[in-house]
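> First the structure, which I've put down as C-alpha cells, then a few questions once you've had a look.
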Amino acid sequence: MQIVDNIVALRTRVKTWRQQGEVIALVPTMGNLHEGHLSLVRKAKALADKIVVSLFVNPLQFNDINDLNAYPRTLSEDINLLTELDCDLVFTPAEDVMYPQGMQAHTRIHVPGMEDKLCGLGRPGHFDGVATVVAKLLNMVQADIAVFGEKDYQQLLLIKKLVHDLNLPVDIIGAPTCREDTGLAMSSRNNLLTPQQLVQAPLLYQTLTEIKTALEAGEQDLASLQSQAQQRLSEAGFEPEYIDIRRAEDLQTVTPGQDKNLRILAAVKLGKIRLIDNVACNLA
C-alpha cells in the first residue's frame with residue numbers, strides 16, 4: 001500500500017494504473033475509520049481494480065470551530081486498518097495542499113436545493129464545503145467510481161447532483177448504513193458518547209423504524225408522526241434538530257397517497273454530540 005500526501009505523487013500513481021487499463025475507485029473519508037468506512041472500501045474493492053482512500057478532515061465543511069477541533073484524528077490506526085484491507089493507495093493531504101491560498105480565497109461550489117432543508121438549515125455553509133472538497137478529490141484522483149455511505153443521505157444526493165450537473169465522468173455509488181448490534185448507525189462521533197449516552201442513542205433508529213412501520217400500515221398524517229417522534233426523543237434526553245419524512249429521490253415534501261419512495265431522516269443532539277440517521281420506506 002502506498003501512502004502519498006501530495007497531488008503530483010497521487011496523479012503519477014493513478015496515471016500508471018490508467019495506462020494499464022485498471023478501473024479505479026475512490027473512497028473519500030475524514031479518517032477515524034470504523035467498520036462503516038471499511039464496508040465502503042470493501043464495496044469499492046468489489047467494483048474496481050485499484051482503490052484510493054482519502055483521509056482529510058475538511059475544515060471547509062465545519063461551521064463550528066469547536067466541532068472541527070473535537071473531530072477525532074487517528075491517522076496511524078487508520079493506515080493500519082487500510083493495510084489489512086489491501087487498499088492500494090492512501091491520500092493524506094494537509095490543509096495547505098487542499099487549499100493552498102487559504103480557505104477564504106478558495107473557489108467554492110454551491111449545489112442548489114440543499115441549503116434550505118434538513119442539515120442545510122442547521123449547518124450554514126456545510127454543504128458548500130462538502131461539494132467543494134468532493135469536487136477537488138474527484139478531480140485529483142479522476143476515479144471511475146466513488147463510494148459514499150447512505151448514512152449521510154442528504155450528502156449522497158448532493159454529490160450525485162454535483163456530478164450530474166458538472167458532467168463529471170465518475171459513477172457515484174451509495175452503500176448501506178452499517179449499524180451496531182443495537183441499531184445505532186456507525187459514526188466517528190459515537191466515540192465521543194459517554195457509556196450512558198451509548199445506551200440511549202439506539203432509540204433514534206428505533207424511532208425512525210417505528211415511523212416506517214406506521215407508514216407501511218397506511219398512516220398518512222406525516223406531521224403527527226414527526227411530532228410524536230420528536231416528543232418521544234425529547235422526553236428521552238435528546239435534543240431533536242429535525243425528524244422529517246421526504247421523497248427519497250430529491251428530499252422534497254411528500255404528497256401523502258401519491259409519493260411512494262420515501263426517506264425518513266433525523267438529526268438530534270445527545271449531550272454535545274450531533275447524531276444523524278435515516279431509513280428507507282418504499283410504499284409501492
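Letters A, B, ... go to the chains of the C-alpha cells in the order shown; residues in each chain start at 1; ligands are counted from 1 in the same order.
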Quick one: residues within 7 Å of A:Gly183, only C-alpha atoms, excluding same-chain residues fewer than 2 positions away - as a PyMOL selection string?
chain A and resi 179-181+185+202+205
> Output all heavy atoms of each residue in that selection to a file, as a PDB file, in the first residue's frame.

```pdb
ATOM      1  N   ARG A 179     -24.500  -0.632  10.998  1.00  0.00           N
ATOM      2  CA  ARG A 179     -25.052  -0.381  12.328  1.00  0.00           C
ATOM      3  C   ARG A 179     -24.411  -1.283  13.378  1.00  0.00           C
ATOM      4  O   ARG A 179     -23.974  -2.397  13.083  1.00  0.00           O
ATOM      5  CB  ARG A 179     -26.572  -0.588  12.323  1.00  0.00           C
ATOM      6  CG  ARG A 179     -27.291   0.328  11.344  1.00  0.00           C
ATOM      7  CD  ARG A 179     -28.802   0.224  11.435  1.00  0.00           C
ATOM      8  NE  ARG A 179     -29.415   1.140  10.461  1.00  0.00           N
ATOM      9  CZ  ARG A 179     -29.602   2.429  10.690  1.00  0.00           C
ATOM     10  NH1 ARG A 179     -29.286   2.941  11.867  1.00  0.00           N
ATOM     11  NH2 ARG A 179     -30.136   3.208   9.773  1.00  0.00           N
ATOM     12  N   GLU A 180     -24.398  -0.772  14.592  1.00  0.00           N
ATOM     13  CA  GLU A 180     -24.015  -1.598  15.731  1.00  0.00           C
ATOM     14  C   GLU A 180     -25.118  -2.625  15.981  1.00  0.00           C
ATOM     15  O   GLU A 180     -26.219  -2.530  15.413  1.00  0.00           O
ATOM     16  CB  GLU A 180     -23.828  -0.721  16.980  1.00  0.00           C
ATOM     17  CG  GLU A 180     -22.868   0.441  16.804  1.00  0.00           C
ATOM     18  CD  GLU A 180     -21.415   0.011  16.736  1.00  0.00           C
ATOM     19  OE1 GLU A 180     -21.132  -1.183  16.937  1.00  0.00           O
ATOM     20  OE2 GLU A 180     -20.556   0.874  16.475  1.00  0.00           O
ATOM     21  N   ASP A 181     -24.845  -3.605  16.820  1.00  0.00           N
ATOM     22  CA  ASP A 181     -25.869  -4.602  17.142  1.00  0.00           C
ATOM     23  C   ASP A 181     -27.119  -3.956  17.738  1.00  0.00           C
ATOM     24  O   ASP A 181     -28.230  -4.491  17.621  1.00  0.00           O
ATOM     25  CB  ASP A 181     -25.311  -5.623  18.136  1.00  0.00           C
ATOM     26  CG  ASP A 181     -24.224  -6.487  17.522  1.00  0.00           C
ATOM     27  OD1 ASP A 181     -24.164  -6.559  16.280  1.00  0.00           O
ATOM     28  OD2 ASP A 181     -23.435  -7.075  18.287  1.00  0.00           O
ATOM     29  N   ALA A 185     -26.433   3.750  14.153  1.00  0.00           N
ATOM     30  CA  ALA A 185     -25.629   3.917  12.944  1.00  0.00           C
ATOM     31  C   ALA A 185     -24.177   4.198  13.329  1.00  0.00           C
ATOM     32  O   ALA A 185     -23.899   5.038  14.187  1.00  0.00           O
ATOM     33  CB  ALA A 185     -26.176   5.071  12.110  1.00  0.00           C
ATOM     34  N   PRO A 202     -29.398   4.308  20.627  1.00  0.00           N
ATOM     35  CA  PRO A 202     -30.148   3.463  19.690  1.00  0.00           C
ATOM     36  C   PRO A 202     -31.627   3.814  19.572  1.00  0.00           C
ATOM     37  O   PRO A 202     -32.291   3.382  18.621  1.00  0.00           O
ATOM     38  CB  PRO A 202     -29.961   2.055  20.275  1.00  0.00           C
ATOM     39  CG  PRO A 202     -28.668   2.123  21.019  1.00  0.00           C
ATOM     40  CD  PRO A 202     -28.661   3.496  21.621  1.00  0.00           C
ATOM     41  N   TYR A 205     -32.683   5.273  16.054  1.00  0.00           N
ATOM     42  CA  TYR A 205     -33.015   4.328  14.979  1.00  0.00           C
ATOM     43  C   TYR A 205     -34.347   3.643  15.245  1.00  0.00           C
ATOM     44  O   TYR A 205     -35.164   3.462  14.321  1.00  0.00           O
ATOM     45  CB  TYR A 205     -31.899   3.304  14.838  1.00  0.00           C
ATOM     46  CG  TYR A 205     -32.166   2.230  13.812  1.00  0.00           C
ATOM     47  CD1 TYR A 205     -32.361   2.545  12.476  1.00  0.00           C
ATOM     48  CD2 TYR A 205     -32.217   0.881  14.187  1.00  0.00           C
ATOM     49  CE1 TYR A 205     -32.599   1.561  11.529  1.00  0.00           C
ATOM     50  CE2 TYR A 205     -32.449  -0.114  13.244  1.00  0.00           C
ATOM     51  CZ  TYR A 205     -32.636   0.234  11.923  1.00  0.00           C
ATOM     52  OH  TYR A 205     -32.875  -0.748  10.988  1.00  0.00           O
TER      53      TYR A 205
END
```
> Write out as a list in words the residues lying within 7 Å of stretch 68-76 of chain A, counting only C-alpha atoms and excluding same-chain residues fewer than 4 positions away.
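The neighbour list is Gly31, Asn32, Pro59, Phe62, Asp64 and Asn80 of chain A.
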> Keeping C-alpha atoms, export the residues of the selection given above as a short mmCIF file (atom, residue, chain, number, x, y, z; two decimals), in the first residue's frame.

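Result file is result31.cif:
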```
data_model
loop_
_atom_site.label_atom_id
_atom_site.label_comp_id
_atom_site.auth_asym_id
_atom_site.auth_seq_id
_atom_site.Cartn_x
_atom_site.Cartn_y
_atom_site.Cartn_z
CA GLY A 31 -10.44 9.43 8.87
CA ASN A 32 -11.13 7.98 12.33
CA PRO A 59 -12.33 22.40 7.70
CA PHE A 62 -17.43 22.79 9.61
CA ASP A 64 -18.45 25.28 14.33
CA ASN A 80 -3.17 0.06 9.79
#
```
> Can you list, as JSON, numbers by chain, every protein, DNA or RNA residue that comes within 12 Å of A:Lys160 when you count only C-alpha atoms, leaving out same-chain residues fewer than 5 positions away?
{"A": [111, 131, 134, 135, 145, 146, 147, 148, 153, 154, 155, 165, 166, 167, 168, 169, 170, 171, 172, 173, 174, 249, 250]}
> Next, the residues of the selection above should be written as a JSON list (two decimals), in the first residue's frame with N, CA and C atoms.

```
[["chain", "number", "residue", "atom", "x", "y", "z"],
["A", 111, "VAL", "N", -24.20, 23.72, -4.56],
["A", 111, "VAL", "CA", -25.20, 22.87, -5.21],
["A", 111, "VAL", "C", -26.57, 23.33, -4.71],
["A", 131, "ALA", "N", -19.35, 19.95, -1.08],
["A", 131, "ALA", "CA", -19.31, 19.94, -2.54],
["A", 131, "ALA", "C", -17.93, 20.33, -3.06],
["A", 134, "VAL", "N", -15.27, 17.47, -2.26],
["A", 134, "VAL", "CA", -15.52, 16.27, -3.05],
["A", 134, "VAL", "C", -15.16, 16.52, -4.51],
["A", 135, "ALA", "N", -15.52, 17.69, -5.05],
["A", 135, "ALA", "CA", -15.17, 18.01, -6.43],
["A", 135, "ALA", "C", -13.65, 18.01, -6.61],
["A", 145, "ILE", "N", -15.10, 5.35, -10.22],
["A", 145, "ILE", "CA", -16.17, 5.11, -9.26],
["A", 145, "ILE", "C", -15.81, 5.82, -7.96],
["A", 146, "ALA", "N", -16.81, 6.34, -7.27],
["A", 146, "ALA", "CA", -16.60, 6.86, -5.91],
["A", 146, "ALA", "C", -17.73, 6.32, -5.04],
["A", 147, "VAL", "N", -17.38, 5.86, -3.84],
["A", 147, "VAL", "CA", -18.35, 5.20, -2.96],
["A", 147, "VAL", "C", -18.58, 6.06, -1.72],
["A", 148, "PHE", "N", -19.86, 6.28, -1.41],
["A", 148, "PHE", "CA", -20.27, 7.06, -0.25],
["A", 148, "PHE", "C", -21.34, 6.30, 0.52],
["A", 153, "TYR", "N", -27.32, 10.71, 3.96],
["A", 153, "TYR", "CA", -28.14, 10.58, 2.76],
["A", 153, "TYR", "C", -28.26, 11.89, 1.98],
["A", 154, "GLN", "N", -28.43, 12.98, 2.69],
["A", 154, "GLN", "CA", -28.53, 14.27, 2.01],
["A", 154, "GLN", "C", -27.22, 14.59, 1.29],
["A", 155, "GLN", "N", -26.11, 14.26, 1.91],
["A", 155, "GLN", "CA", -24.81, 14.45, 1.28],
["A", 155, "GLN", "C", -24.69, 13.60, 0.02],
["A", 165, "ASP", "N", -24.65, 17.56, -12.68],
["A", 165, "ASP", "CA", -24.71, 18.92, -13.20],
["A", 165, "ASP", "C", -23.40, 19.35, -13.85],
["A", 166, "LEU", "N", -22.27, 18.88, -13.33],
["A", 166, "LEU", "CA", -20.96, 19.28, -13.86],
["A", 166, "LEU", "C", -20.39, 18.26, -14.84],
["A", 167, "ASN", "N", -21.22, 17.24, -15.18],
["A", 167, "ASN", "CA", -20.81, 16.24, -16.18],
["A", 167, "ASN", "C", -19.47, 15.59, -15.84],
["A", 168, "LEU", "N", -19.28, 15.29, -14.56],
["A", 168, "LEU", "CA", -18.04, 14.64, -14.15],
["A", 168, "LEU", "C", -18.11, 13.15, -14.51],
["A", 169, "PRO", "N", -17.05, 12.59, -15.09],
["A", 169, "PRO", "CA", -17.07, 11.20, -15.57],
["A", 169, "PRO", "C", -16.77, 10.19, -14.46],
["A", 170, "VAL", "N", -17.66, 10.12, -13.48],
["A", 170, "VAL", "CA", -17.48, 9.19, -12.37],
["A", 170, "VAL", "C", -18.85, 8.69, -11.93],
["A", 171, "ASP", "N", -18.93, 7.42, -11.59],
["A", 171, "ASP", "CA", -20.17, 6.84, -11.08],
["A", 171, "ASP", "C", -20.17, 6.94, -9.56],
["A", 172, "ILE", "N", -21.22, 7.54, -8.99],
["A", 172, "ILE", "CA", -21.36, 7.67, -7.55],
["A", 172, "ILE", "C", -22.20, 6.50, -7.04],
["A", 173, "ILE", "N", -21.61, 5.71, -6.15],
["A", 173, "ILE", "CA", -22.25, 4.52, -5.63],
["A", 173, "ILE", "C", -22.58, 4.73, -4.15],
["A", 174, "GLY", "N", -23.83, 4.49, -3.78],
["A", 174, "GLY", "CA", -24.24, 4.55, -2.39],
["A", 174, "GLY", "C", -24.15, 3.18, -1.73],
["A", 249, "GLU", "N", -35.99, 10.60, -3.72],
["A", 249, "GLU", "CA", -35.18, 10.97, -4.88],
["A", 249, "GLU", "C", -34.63, 12.39, -4.82],
["A", 250, "ASP", "N", -35.32, 13.29, -4.10],
["A", 250, "ASP", "CA", -34.87, 14.69, -4.12],
["A", 250, "ASP", "C", -35.09, 15.42, -2.80]]
```
> I want to know what sits within 10 Å of A:Gly237, based on only C-alpha atoms, with residues of the same chain fewer than 2 positions away left out; could you give that as JSON, numbers by chain?
{"A": [197, 200, 201, 232, 233, 234, 235, 239, 240, 269, 270, 271]}
> Please return, as JSON, numbers by chain, all residues of stretch 83-148 of chain A that DSSP assigns to strand (DSSP E) on the basis of the backbone.
{"A": [89, 90, 91, 145, 146, 147, 148]}
> Go ahead and dump the residues you just picked, N, CA and C atoms, as a PDB file, in the first residue's frame.

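Listed below is the output, result.pdb:
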```pdb
ATOM      1  N   LEU A  89      -3.842   2.669  -2.323  1.00  0.00           N
ATOM      2  CA  LEU A  89      -3.221   3.973  -2.108  1.00  0.00           C
ATOM      3  C   LEU A  89      -4.039   4.771  -1.098  1.00  0.00           C
ATOM      4  N   VAL A  90      -3.346   5.407  -0.174  1.00  0.00           N
ATOM      5  CA  VAL A  90      -3.984   6.291   0.797  1.00  0.00           C
ATOM      6  C   VAL A  90      -3.474   7.705   0.565  1.00  0.00           C
ATOM      7  N   PHE A  91      -4.394   8.626   0.401  1.00  0.00           N
ATOM      8  CA  PHE A  91      -4.064  10.029   0.145  1.00  0.00           C
ATOM      9  C   PHE A  91      -4.328  10.816   1.419  1.00  0.00           C
ATOM     10  N   ILE A 145     -15.100   5.354 -10.224  1.00  0.00           N
ATOM     11  CA  ILE A 145     -16.168   5.106  -9.259  1.00  0.00           C
ATOM     12  C   ILE A 145     -15.806   5.820  -7.958  1.00  0.00           C
ATOM     13  N   ALA A 146     -16.813   6.342  -7.270  1.00  0.00           N
ATOM     14  CA  ALA A 146     -16.603   6.855  -5.913  1.00  0.00           C
ATOM     15  C   ALA A 146     -17.729   6.322  -5.041  1.00  0.00           C
ATOM     16  N   VAL A 147     -17.382   5.862  -3.839  1.00  0.00           N
ATOM     17  CA  VAL A 147     -18.347   5.199  -2.961  1.00  0.00           C
ATOM     18  C   VAL A 147     -18.581   6.056  -1.716  1.00  0.00           C
ATOM     19  N   PHE A 148     -19.857   6.279  -1.411  1.00  0.00           N
ATOM     20  CA  PHE A 148     -20.269   7.065  -0.249  1.00  0.00           C
ATOM     21  C   PHE A 148     -21.338   6.302   0.518  1.00  0.00           C
TER      22      PHE A 148
END
```
> So which one's closest to A:Gly257, A:Asp244, A:Glu216, A:Asp277, A:Glu22? Using only C-alpha atoms, please.
A:Glu216
> Would you list, as a PyMOL selection string, the residues of stretch 107-262 of chain A that end up in helix (DSSP H, G or I) under DSSP run on this structure's backbone?
chain A and resi 119-122+126-141+150-165+188-192+195-200+203-216+222-235
> Those selected residues, please, written with C-alpha atoms and delivered as a compact mmCIF listing (two decimals), in the first residue's frame.

```
# COMPACT_ATOMS: atom_id res chain seq x y z
CA CYS A 119 -28.98 19.50 7.63
CA GLY A 120 -28.65 22.50 5.34
CA LEU A 121 -30.75 24.65 7.67
CA GLY A 122 -28.81 23.86 10.82
CA HIS A 126 -21.67 22.96 5.35
CA PHE A 127 -22.78 21.58 2.01
CA ASP A 128 -20.75 24.13 0.06
CA GLY A 129 -17.73 22.80 1.93
CA VAL A 130 -18.69 19.21 1.15
CA ALA A 131 -19.31 19.94 -2.54
CA THR A 132 -16.02 21.80 -2.87
CA VAL A 133 -13.80 19.17 -1.27
CA VAL A 134 -15.52 16.27 -3.05
CA ALA A 135 -15.17 18.01 -6.43
CA LYS A 136 -11.48 18.58 -5.70
CA LEU A 137 -10.90 14.95 -4.70
CA LEU A 138 -12.76 13.65 -7.76
CA ASN A 139 -10.61 15.87 -9.99
CA MET A 140 -7.39 14.92 -8.22
CA VAL A 141 -7.97 11.16 -8.37
CA GLU A 150 -26.14 6.25 2.83
CA LYS A 151 -25.96 7.35 6.47
CA ASP A 152 -25.20 10.84 5.14
CA TYR A 153 -28.14 10.58 2.76
CA GLN A 154 -28.53 14.27 2.01
CA GLN A 155 -24.81 14.45 1.28
CA LEU A 156 -25.09 11.46 -1.07
CA LEU A 157 -27.86 13.16 -3.08
CA LEU A 158 -25.88 16.40 -3.15
CA ILE A 159 -22.82 14.62 -4.58
CA LYS A 160 -24.92 12.83 -7.19
CA LYS A 161 -26.39 16.17 -8.31
CA LEU A 162 -22.92 17.76 -8.33
CA VAL A 163 -21.56 15.03 -10.59
CA HIS A 164 -24.61 15.13 -12.87
CA ASP A 165 -24.71 18.92 -13.20
CA SER A 188 -16.86 8.57 14.21
CA ARG A 189 -18.85 10.75 16.61
CA ASN A 190 -20.00 7.68 18.54
CA ASN A 191 -16.55 7.57 20.13
CA LEU A 192 -17.41 10.83 21.88
CA PRO A 195 -21.40 4.97 28.28
CA GLN A 196 -24.84 6.22 29.33
CA GLN A 197 -25.35 8.01 26.00
CA LEU A 198 -24.38 4.85 24.13
CA VAL A 199 -27.29 3.15 25.90
CA GLN A 200 -29.66 5.98 24.94
CA LEU A 203 -33.57 4.99 20.44
CA LEU A 204 -33.01 7.26 17.42
CA TYR A 205 -33.02 4.33 14.98
CA GLN A 206 -35.86 2.63 16.84
CA THR A 207 -37.96 5.77 16.48
CA LEU A 208 -37.30 6.01 12.74
CA THR A 209 -38.21 2.37 12.20
CA GLU A 210 -41.46 2.90 14.11
CA ILE A 211 -42.35 5.74 11.73
CA LYS A 212 -41.61 3.42 8.82
CA THR A 213 -43.88 0.73 10.29
CA ALA A 214 -46.70 3.25 10.72
CA LEU A 215 -46.34 4.48 7.13
CA GLU A 216 -46.36 0.93 5.79
CA LEU A 222 -46.97 12.79 8.47
CA ALA A 223 -46.98 15.84 10.72
CA SER A 224 -48.36 13.80 13.60
CA LEU A 225 -45.80 11.04 13.12
CA GLN A 226 -42.97 13.58 13.11
CA SER A 227 -44.32 15.44 16.13
CA GLN A 228 -44.79 12.27 18.18
CA ALA A 229 -41.26 11.13 17.33
CA GLN A 230 -39.75 14.46 18.36
CA GLN A 231 -41.66 14.38 21.64
CA ARG A 232 -40.53 10.82 22.39
CA LEU A 233 -36.89 11.67 21.74
CA SER A 234 -37.08 14.90 23.73
CA GLU A 235 -38.52 13.06 26.72
```
> Compile the contact shell of A:Gln252 as a ChimeraX atom specification: residues with an atom at most 10 Å away, counting only C-alpha atoms, same-chain residues fewer than 6 positions apart removed.
/A:113-114,117,245-246,262
> Do you have the atom CA of A:Pro100-atom CA of A:Asn6 distance handy?
11.7 Å
> Counting only C-alpha atoms, figure out which residue out of A:Thr177, A:Gln142, A:Gln220, A:Asn278 gets nearest to A:Lys15.
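Of A:Thr177, A:Gln142, A:Gln220, A:Asn278, the one nearest A:Lys15, counting only C-alpha atoms, is A:Gln142.
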> Considering only C-alpha atoms, can you say which of A:Ile65, A:Met98, A:Ala48, A:Leu60 comes closest to A:Arg18?
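Closest to A:Arg18 of all the choices is A:Ala48.
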> Rounded to one decimal, what separation in Å do you get between atom CA of A:Gln61 and atom CA of A:Arg123?
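Separating atom CA of A:Gln61 from atom CA of A:Arg123 is a distance of 8.8 Å.
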> Rank nothing, just name the residue among A:Val57, A:Asp96, A:Leu118, A:Thr107 nearest to A:Ala266, using only C-alpha atoms.
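Ranking A:Val57, A:Asp96, A:Leu118, A:Thr107 by distance to A:Ala266, first place goes to A:Leu118.
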> Measuring between only C-alpha atoms, which one of A:Glu241, A:Glu77, A:Asp259, A:Asp88 shows the shortest distance to A:Val27?
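Of all the options, A:Asp88 lies closest to A:Val27.
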> Tell me, as JSON, numbers by chain, which residues lie within 9 Å of A:Leu81, counting only C-alpha atoms; anything in the same chain fewer than 6 positions away does not count.
{"A": [33, 34, 38]}
> Return the single residue from A:Gln104, A:Thr253, A:Ser54, A:Thr194 that is closest to A:Val4, with distances computed using only C-alpha atoms.
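Closest residue, counting only C-alpha atoms: A:Ser54.
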